[in-house]
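Visitor: Mind looking over this structure? Questions follow.
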Amino acid sequence: MSPLKHSNNIAARMGRWSAGHWKTAVFGWLAFVVAALFIGNVVGMKTIKEEDYNTGQSHRADQILREGFPQADPQTEIVLVQSAKLTANAAAFRSTVDDVVSAVEHNPSIKHLKSPYAAGNEDLVSNDRGTVMVTFDMKGKYENAKKKIDPIETAVAKVAAAHPGFYVGEAGSVSSGKALDKMFTDQLKLAGERSIPITIIVLLLVFGALVAVGVPLLLALSGVMATVGLVALPSHLVPMDSNVSAVILLIGLAVGVDYSLFYLKREREERAAGKGARAALEAAAATSGRSVLISGFTVMIAMAGMMFSGDKSYLGFGIATLMVVGIAMLGSLTVLPAMLSKLGDRVEKGKIPYLHRLRRDSGENRFWKKILAPAMRRPGIAAAVAGGALVLMALPVVHLHTTQSGLDALPNSAPTVGTIKKIESSFSNGDVAQSEVAIKANLDSAAAQRGLASLKARVEASGINSGAVDMEVNAAHTVARVDIPLVGKGTDSTSLAALHTLRDEILPATIGTVPGAEFAVTGQTANSADSNALLKAKAPIVFGFVLVFAFILLLVTFRSIVIAAKAIVLNLLSVGAAYGVLVAVFQWGWGESLLGFQSNGGIASWLPIFMFVILFGLSMDYHVFILSRVREAFDRGMSTEDAVTHGITTTAGTVSSAALVMVGAFAVFALMPILDMKEMGIGLAAAVLIDATIVRAVLLPATMKLLGDANWYLPRWLEWLPRVEHEPRAPEAPPAPAAA
């Protein structure tokens with residue numbers, strides 16, 4: 001009986017039970033996955049409503065407008081007609097516009113049709129008279145309207161085909177929303193499909209055998225499927241973002257493969273050291289299994305940070321990622337040892353001859369030992385150079401500016417984007433970045449009438465608008481919607497300055513003087529400003545929660561205040577360097593030609609918090625895995641220096657393989673045409689690469705050698721902390737018979 005059989009930690013007990021009851025573990029897991037998918041299909045996932053995405057003043061404005069106009073918000077569509085040679089006065093131009101009007105005017109799904117040739121619609125003709133707009137509103141709410149937009153788009157396309165000398169294109173809240181949503185969903189699906197082959201290739205390089213590759217991949221994917229099904233349950237309490245499945249796949253595939261790699265590589269190493277199948281499996285359960293357990297809880301703490309952002313999408317992402325990490329951890333601690341106990345040596349089936357010879361199962365990795373040697377020989381220089389490089393990479397963070405991406409985040413090839421940009425160019429963005437002022441008051445009163453008239457006059461006098469100011473009053477005369485097209489591109493400094501003038505100066509001086517009146521501003525610019533303000537206010541809370549609880553968990557796990565504090569610092573350096581790369585590439589535009597994008601002068605407002613929790617969780621994954629191996633060696637009598645060398649050289653291959661899987665999966669997003677997705681892909685891939693190389697292979701070992709036994713320092717006043725069992729490696733056992 002292996003000495004490790006007496007291990008008392010929970011991971012070891014789970015591994016032993018699963019190995020002894022492999023049928024229950026494996027078939028129970030399959031039943032769990034099937035049941036989760038069935039539940040998800042029956043219950044259905046509830047997503048965030050479009051009107052609930054906004055925050056702050058924008059959200060309040062949306063509420064006022066829904067109360068006053070319960071039938072629906074206006075879903076405005078625009079058909080642009082443009083000629084490079086003719087003006088709107090030409091007969092051929094007018095004939096084209098008339099054909100557009102005839103094609104849509106009898107459709108029962110539209111209302112408020114406006115022709116540029118009708119009296120009072122001069123604002124639908126550009127200043128050079130080479131471009132005009134035909135506008136109309138779709139009836140009903142967005143979800144219903146998008147089901148009825150296809151026949152209208154088809155009719156407009158026929159007009160375009162009949163007039164090849166003119167540009168005729170449609171864009172609007174419904175046509176653009178539907179087309180861009182589909183493009184976004186298709187791109188996410190494509191990214192998921194591409195990430196799986198990349199994962200398979202890396203795992204083949206690691207294991208060199210098809211069965212060994214299939215085990216972690218199938219386990220990770222089944223965990224993802226189970227989570228996708230089960231997330232439907234909490235979605236009825238906390239509606240999910242429509243992209244939650246993509247986030248589940250991204251995180252689930254990363255941690256699921258990681259945990260299986262940690263476990264399976266340790267089991268292979270113990271077998272190569274001469275242990276029998278059962279003894280090797282128990283050693284892996286007691287050591288790597290324990291690391292998986294600690295890593296899993298650390299990652300879950302990081303993911304839980306998203307729930308404190310105050311943003312509805314983040315709240316759903318936080319719940320979903322907590323679930324997928326927990327399920328991946330459970331599968332790795334139960335199903336994986338069960339499958340390995342049943343497969344035994346058959347896990348090596350399907351060997352790829354050349355790749356299999358490259359694999360090294362036993363002990364320390366000679367390649368990484370050579371890489372590590374300079375850092376251990378000159379730790380002061382290595383720490384200074386690596387730390388300095390990370391600080392230098394992080395310096396651009398002081399210039400980080402966030403923005404809610406608008407049209408500039410989309411390529412011209414995206415559906416309807418070309419038309420929208422032509423509208424923007426010809427009409428000074430007046431009908432693209434529309435701002436809506438919601439006013440709730442007794443609109444029949446003289447004060448309200450004066451206030452509304454004064455509002456329109458002050459807006460036009462201030463020059464913050466780029467087009468006509470339109471006003472609509474509900475039937476009860478209690479709510480008014482004032483459409484004000486702001487100057488600028490919607491999310492740039494010009495638009496934000498105009499919004500500030502409208503909110504903080506004009507509205508208080510006009511509508512603010514009406515007794516009992518309530519007002520708020522929504523629209524693209526307002527949504528961006530309010531979202532940025534919320535995330536900036538909540539970021540310290542999210543960061544603080546993650547850092548404090550990760551510190552406590554590491555302190556309890558390793559009983560060292562130095563290890564816990566240094567882990568936080570190293571991870572912050574890693575994340576900071578990744579932020580710096582983002583700013584340099586996307587905000588300063590250093591990678592525009594290489595990656596095929598045009599900088600919008602900022603970083604997507606949702607990305608910093610999202611990246612922080614994801615990267616902090618994943619980098620702590622590696623940190624715990626490496627340090628557990630170092631502590632294991634130290635506990636069995638090695639010096640700190642030898643333990644560091646042994647721990648890192650025996651785990652470096654696994655960590656670099658796991659990092660390669662993540663870098664490949666994240667880099668897929670960099671190939672997407674959507675700027676936000678490019679930013680996420682490059683940021684995550686760069687961070688994992690930096691963390692697995694500069695931080696784990698240089699800075700971590702160098703600082704540990706410099707500190708020596710001080711690494712394990714725990715103040716006396718913390719001696720009360722519970723002791724978490726660290727498994728010493730068992731004496732080498734003679735090879736067991738195959739039957740064992």
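A note on labels: chains of the structure tokens are A, B, ... as shown, every chain counts residues from 1, and ligands are counted from 1 in their shown order.
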Applying 9 Å and only C-alpha atoms, which residues near A:Tyr53 remain after dropping the ones on its own chain fewer than 5 positions away? List them as a list in words.

Guide: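 Here the qualifying residues turn out to be Ile48, His59, Asp311, Lys312 and Ser313 of chain A.
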
Visitor: DSSP on the backbone, then: every residue of stretch 586-681 of chain A marked alpha helix (DSSP H), written as a PyMOL selection string.

Guide: chain A and resi 592-595+607-635+640-670+675-681

Visitor: Determine, counting only C-alpha atoms, which protein, DNA and RNA residues have an atom within 8 Å of an atom of A:Tyr713; residues of the same chain fewer than 6 positions away are not included. Present the result as a PyMOL selection string.

Guide: chain A and resi 559-562

Visitor: Okay, now the selection with N, CA, C and O atoms, as an mmCIF file, in the first residue's frame?

Guide:
```
data_model
loop_
_atom_site.group_PDB
_atom_site.id
_atom_site.type_symbol
_atom_site.label_atom_id
_atom_site.label_comp_id
_atom_site.auth_asym_id
_atom_site.auth_seq_id
_atom_site.Cartn_x
_atom_site.Cartn_y
_atom_site.Cartn_z
ATOM 1 N N ARG A 559 0.688 29.176 4.445
ATOM 2 C CA ARG A 559 1.115 29.650 5.768
ATOM 3 C C ARG A 559 2.360 30.522 5.666
ATOM 4 O O ARG A 559 3.341 30.341 6.384
ATOM 5 N N SER A 560 2.308 31.475 4.750
ATOM 6 C CA SER A 560 3.424 32.404 4.557
ATOM 7 C C SER A 560 2.874 33.734 4.091
ATOM 8 O O SER A 560 2.233 33.811 3.038
ATOM 9 N N ILE A 561 3.136 34.773 4.860
ATOM 10 C CA ILE A 561 2.663 36.104 4.469
ATOM 11 C C ILE A 561 3.476 36.619 3.284
ATOM 12 O O ILE A 561 2.988 37.399 2.464
ATOM 13 N N VAL A 562 4.723 36.158 3.171
ATOM 14 C CA VAL A 562 5.592 36.575 2.072
ATOM 15 C C VAL A 562 5.103 35.986 0.753
ATOM 16 O O VAL A 562 5.000 36.685 -0.261
#
```

Visitor: Quick one: of A:Ser593, A:Thr522, A:Ser619, A:Thr402, who's nearest to A:Ser605, counting only C-alpha atoms?

Guide: A:Thr402

Visitor: Using only C-alpha atoms, can you tell me which of A:Val211, A:Val668, A:Ile327, A:Leu570 comes closest to A:Met704?

Guide: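 Distance minimum relative to A:Met704 lands on A:Leu570.
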
Visitor: Find the residues near A:Ala338: any atom within 10 Å, counting only C-alpha atoms, skip ones fewer than 5 places away on the same chain, and give them as a PyMOL selection string.

Guide: chain A and resi 14-26+281+331-333+343

Visitor: Convert the current residue selection to file output with N, CA and C atoms, as a compact mmCIF listing (two decimals), in the first residue's frame.

Guide:
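After the write, selection22.txt holds the following:
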```txt
# COMPACT_ATOMS: atom_id res chain seq x y z
N MET A 14 -11.15 12.21 -2.66
CA MET A 14 -12.01 12.19 -3.85
C MET A 14 -11.40 11.30 -4.94
N GLY A 15 -10.08 11.41 -5.11
CA GLY A 15 -9.41 10.60 -6.12
C GLY A 15 -9.50 9.11 -5.81
N ARG A 16 -9.29 8.76 -4.52
CA ARG A 16 -9.36 7.34 -4.13
C ARG A 16 -10.77 6.79 -4.34
N TRP A 17 -11.76 7.57 -3.93
CA TRP A 17 -13.14 7.09 -4.07
C TRP A 17 -13.49 6.90 -5.55
N SER A 18 -13.11 7.86 -6.37
CA SER A 18 -13.44 7.79 -7.79
C SER A 18 -12.74 6.62 -8.47
N ALA A 19 -11.48 6.37 -8.09
CA ALA A 19 -10.76 5.24 -8.67
C ALA A 19 -11.40 3.91 -8.27
N GLY A 20 -11.90 3.85 -7.05
CA GLY A 20 -12.53 2.63 -6.58
C GLY A 20 -13.96 2.46 -7.04
N HIS A 21 -14.58 3.52 -7.51
CA HIS A 21 -15.98 3.48 -7.98
C HIS A 21 -16.07 4.15 -9.34
N TRP A 22 -15.25 3.69 -10.27
CA TRP A 22 -15.12 4.40 -11.54
C TRP A 22 -16.43 4.44 -12.32
N LYS A 23 -17.21 3.38 -12.25
CA LYS A 23 -18.49 3.38 -12.99
C LYS A 23 -19.42 4.47 -12.45
N THR A 24 -19.51 4.54 -11.14
CA THR A 24 -20.39 5.55 -10.53
C THR A 24 -19.92 6.96 -10.91
N ALA A 25 -18.60 7.16 -10.85
CA ALA A 25 -18.05 8.49 -11.15
C ALA A 25 -18.27 8.87 -12.62
N VAL A 26 -17.93 7.97 -13.54
CA VAL A 26 -18.00 8.29 -14.97
C VAL A 26 -19.44 8.39 -15.45
N LEU A 281 -1.57 7.12 -9.36
CA LEU A 281 -2.82 7.86 -9.37
C LEU A 281 -3.08 8.51 -8.02
N GLY A 331 -15.04 17.89 -12.04
CA GLY A 331 -14.75 16.84 -13.01
C GLY A 331 -13.32 16.36 -12.93
N SER A 332 -12.38 17.28 -12.74
CA SER A 332 -10.97 16.91 -12.67
C SER A 332 -10.65 16.09 -11.43
N LEU A 333 -11.37 16.34 -10.34
CA LEU A 333 -11.09 15.64 -9.08
C LEU A 333 -11.83 14.31 -8.95
N LEU A 343 -8.57 3.19 -17.50
CA LEU A 343 -7.76 3.09 -18.72
C LEU A 343 -6.39 2.50 -18.44
```
